[in-house]
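This report concerns only the one structure given below.
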Amino acid sequence: MELIELFKAAIIGIVQGITEWLPISSTGHMIIADEFIQLNVSPDFMKIFLVVIQLGSIMAVIVLYFKRLNPFASSKNKEGRKRTWWLWLKVAVACIPAAIVGLLLDNWFEENFYNAITVALALVLYGVAFIIVERFKGADKPLEKATVPDVSNEPTAYVGKHSAAALAAQSITAKTAPPSRKTAPAKRRPASKQPHKQNNEVVAEVDNLSFARALGIGLFQCLAIVPGTSRSGATILGGRILGVSRAAAAEFSFFLAIPVMFGWSLLRTFKAFVLDGIVLTNTEWGVFTVGVIVAFLVSILAIKFLMEYIRKHSFEIFGWYRIVLGIVVLGFFALSGQLFIVQ
């Protein structure tokens, strides 16, 4: 077993672990990495490796969110288990569009659009989209919480300003508040001159996602069939457009990846080892193991970083990064004479 090959596998695992969860396109980074890190393995193994290495990234999500995603957790009551099952049902609904599109069009897109121009254009296009959406949406403003006691044993619900609960609370406050001095009523501006107030209220928690929004995010996930788009980027962007907070959009993107990427990895593994009868060398087994383990460890760090970062910042920086990377990809392959061929 060659140590240099294991070192290369570790580098690829690092690239995979970081770029799978940040909305910056793992494909764009992988094709650059593949130009500089030439693994001494068979072409058939390399095709499997770049897919199966995603298992490491998926395991990171399962480990980090195991309690939340486990409907059988002993710490959950009946209501908590019910919410978990509903969450999984929303994930299943959101995965339907990508499953259909992937089965019908994946091979065709790979044969006709897997080239540097497509990847670069997708990187730049969605980079611009991130910048526009984040500037338009502005800071997340969660829907206001009810100010009356919650007796339904449900998680605290987000309600509007004029809901029954909010009006009841306002009525109670008005009756118990001490009398105040009379003041002249404020002059109301004409409707045409009222300042426009942007409504940035969002769904702040994944559990509060409706099935319609979940399906909408699933439709956006279909865009990731175009190389360079980024699966996480498409779902996060879709969530932001549909009125979901940054944190909730990122988390739902993580959850959507579990069935999609896990199923795709198992399908490719079954096809390679059972149907095609591929046999791996000792070095290839080593590359496989190191790549998956490193991708798992780095993914944990990447997910924690992203969730902490977006608590205080927007996704705009990732948009600018995508634009720069798209220009780099286009320039690199133009200079190397491989502009229309990316292996």
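As shown in the structure tokens, the chain order sets the letters A, B, ...; within each chain, residues go from 1, and ligands are also counted from 1 in the order they appear.
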
Fewer than 4 positions away in the same chain doesn't count, so skip those; otherwise give me all residues within 7 Å of segment 288-304 of chain A, counting only C-alpha atoms, as a PDB file with N, CA and C atoms, in the first residue's frame.
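What landed in part_24.pdb:
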ATOM      1  N   LEU A   6      -2.555   7.364   0.040  1.00  0.00           N
ATOM      2  CA  LEU A   6      -3.403   7.609   1.209  1.00  0.00           C
ATOM      3  C   LEU A   6      -3.427   9.102   1.543  1.00  0.00           C
ATOM      4  N   ALA A   9      -5.713  10.707  -0.862  1.00  0.00           N
ATOM      5  CA  ALA A   9      -7.099  10.393  -0.484  1.00  0.00           C
ATOM      6  C   ALA A   9      -7.560  11.287   0.656  1.00  0.00           C
ATOM      7  N   ALA A  10      -6.670  11.570   1.592  1.00  0.00           N
ATOM      8  CA  ALA A  10      -7.005  12.448   2.714  1.00  0.00           C
ATOM      9  C   ALA A  10      -7.316  13.863   2.230  1.00  0.00           C
ATOM     10  N   ILE A  12      -8.465  14.712  -0.753  1.00  0.00           N
ATOM     11  CA  ILE A  12      -9.774  14.658  -1.416  1.00  0.00           C
ATOM     12  C   ILE A  12     -10.890  14.589  -0.379  1.00  0.00           C
ATOM     13  N   GLY A  13     -10.648  13.846   0.711  1.00  0.00           N
ATOM     14  CA  GLY A  13     -11.628  13.774   1.786  1.00  0.00           C
ATOM     15  C   GLY A  13     -11.871  15.134   2.427  1.00  0.00           C
ATOM     16  N   ILE A  14     -10.814  15.917   2.565  1.00  0.00           N
ATOM     17  CA  ILE A  14     -10.945  17.271   3.118  1.00  0.00           C
ATOM     18  C   ILE A  14     -11.790  18.147   2.190  1.00  0.00           C
ATOM     19  N   GLN A  16     -13.973  17.158  -0.045  1.00  0.00           N
ATOM     20  CA  GLN A  16     -15.346  16.659  -0.008  1.00  0.00           C
ATOM     21  C   GLN A  16     -16.071  17.105   1.250  1.00  0.00           C
ATOM     22  N   GLY A  17     -15.414  16.952   2.393  1.00  0.00           N
ATOM     23  CA  GLY A  17     -16.049  17.285   3.664  1.00  0.00           C
ATOM     24  C   GLY A  17     -16.426  18.749   3.785  1.00  0.00           C
ATOM     25  N   ILE A  18     -15.612  19.618   3.226  1.00  0.00           N
ATOM     26  CA  ILE A  18     -15.896  21.058   3.304  1.00  0.00           C
ATOM     27  C   ILE A  18     -16.953  21.473   2.282  1.00  0.00           C
ATOM     28  N   TRP A  21     -21.139  20.565   2.226  1.00  0.00           N
ATOM     29  CA  TRP A  21     -22.141  21.236   3.056  1.00  0.00           C
ATOM     30  C   TRP A  21     -22.166  22.739   2.882  1.00  0.00           C
ATOM     31  N   PHE A  49     -15.355   5.961  -6.147  1.00  0.00           N
ATOM     32  CA  PHE A  49     -14.792   6.643  -4.989  1.00  0.00           C
ATOM     33  C   PHE A  49     -15.382   8.038  -4.803  1.00  0.00           C
ATOM     34  N   ILE A  53     -17.477   8.307  -1.323  1.00  0.00           N
ATOM     35  CA  ILE A  53     -16.846   9.127  -0.281  1.00  0.00           C
ATOM     36  C   ILE A  53     -17.882  10.023   0.417  1.00  0.00           C
ATOM     37  N   LEU A  55     -20.512   9.034   1.676  1.00  0.00           N
ATOM     38  CA  LEU A  55     -21.028   8.332   2.850  1.00  0.00           C
ATOM     39  C   LEU A  55     -20.427   8.899   4.132  1.00  0.00           C
ATOM     40  N   GLY A  56     -19.161   9.294   4.061  1.00  0.00           N
ATOM     41  CA  GLY A  56     -18.531   9.904   5.225  1.00  0.00           C
ATOM     42  C   GLY A  56     -19.234  11.192   5.616  1.00  0.00           C
ATOM     43  N   SER A  57     -19.568  12.004   4.616  1.00  0.00           N
ATOM     44  CA  SER A  57     -20.268  13.263   4.881  1.00  0.00           C
ATOM     45  C   SER A  57     -21.653  13.015   5.461  1.00  0.00           C
ATOM     46  N   MET A  59     -22.653  10.408   7.217  1.00  0.00           N
ATOM     47  CA  MET A  59     -22.538   9.914   8.586  1.00  0.00           C
ATOM     48  C   MET A  59     -22.341  11.071   9.565  1.00  0.00           C
ATOM     49  N   ALA A  60     -21.691  12.144   9.108  1.00  0.00           N
ATOM     50  CA  ALA A  60     -21.498  13.310   9.973  1.00  0.00           C
ATOM     51  C   ALA A  60     -22.844  13.928  10.347  1.00  0.00           C
ATOM     52  N   GLU A 284      -6.387   0.600  -3.230  1.00  0.00           N
ATOM     53  CA  GLU A 284      -7.714   1.172  -3.447  1.00  0.00           C
ATOM     54  C   GLU A 284      -8.590   1.044  -2.197  1.00  0.00           C
ATOM     55  N   GLU A 308     -22.760  27.985  12.873  1.00  0.00           N
ATOM     56  CA  GLU A 308     -22.320  29.077  13.729  1.00  0.00           C
ATOM     57  C   GLU A 308     -22.159  30.367  12.921  1.00  0.00           C
TER      58      GLU A 308
END

I want to know what sits within 7 Å of Gln221 of chain A, based on only C-alpha atoms, with residues of the same chain fewer than 5 positions away left out; could you give that as a ChimeraX atom specification?
/A:98,231,234-235

Residues from last step as file, C-alpha atoms, as a PDB file, in the first residue's frame:
ATOM      1  CA  ALA A  98     -35.043  14.916  -7.266  1.00  0.00           C
ATOM      2  CA  ARG A 231     -26.998  20.366  -4.014  1.00  0.00           C
ATOM      3  CA  ALA A 234     -29.776  24.814  -4.552  1.00  0.00           C
ATOM      4  CA  THR A 235     -31.785  23.712  -1.514  1.00  0.00           C
TER       5      THR A 235
END

Atom CA of Tyr65 of chain A to atom CA of Val91 of chain A: how many Å, to one decimal?
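Between these atoms lies a distance of 14.3 Å.
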
So how many Å separate atom CA of Trp108 of chain A and atom CA of Gly228 of chain A, to one decimal?
15.6 Å

Atom CA of Asn40 of chain A to atom CA of Ser26 of chain A, distance in Å rounded to a single decimal:
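Answer for the atom CA of Asn40 of chain A to atom CA of Ser26 of chain A separation: 21.4 Å.
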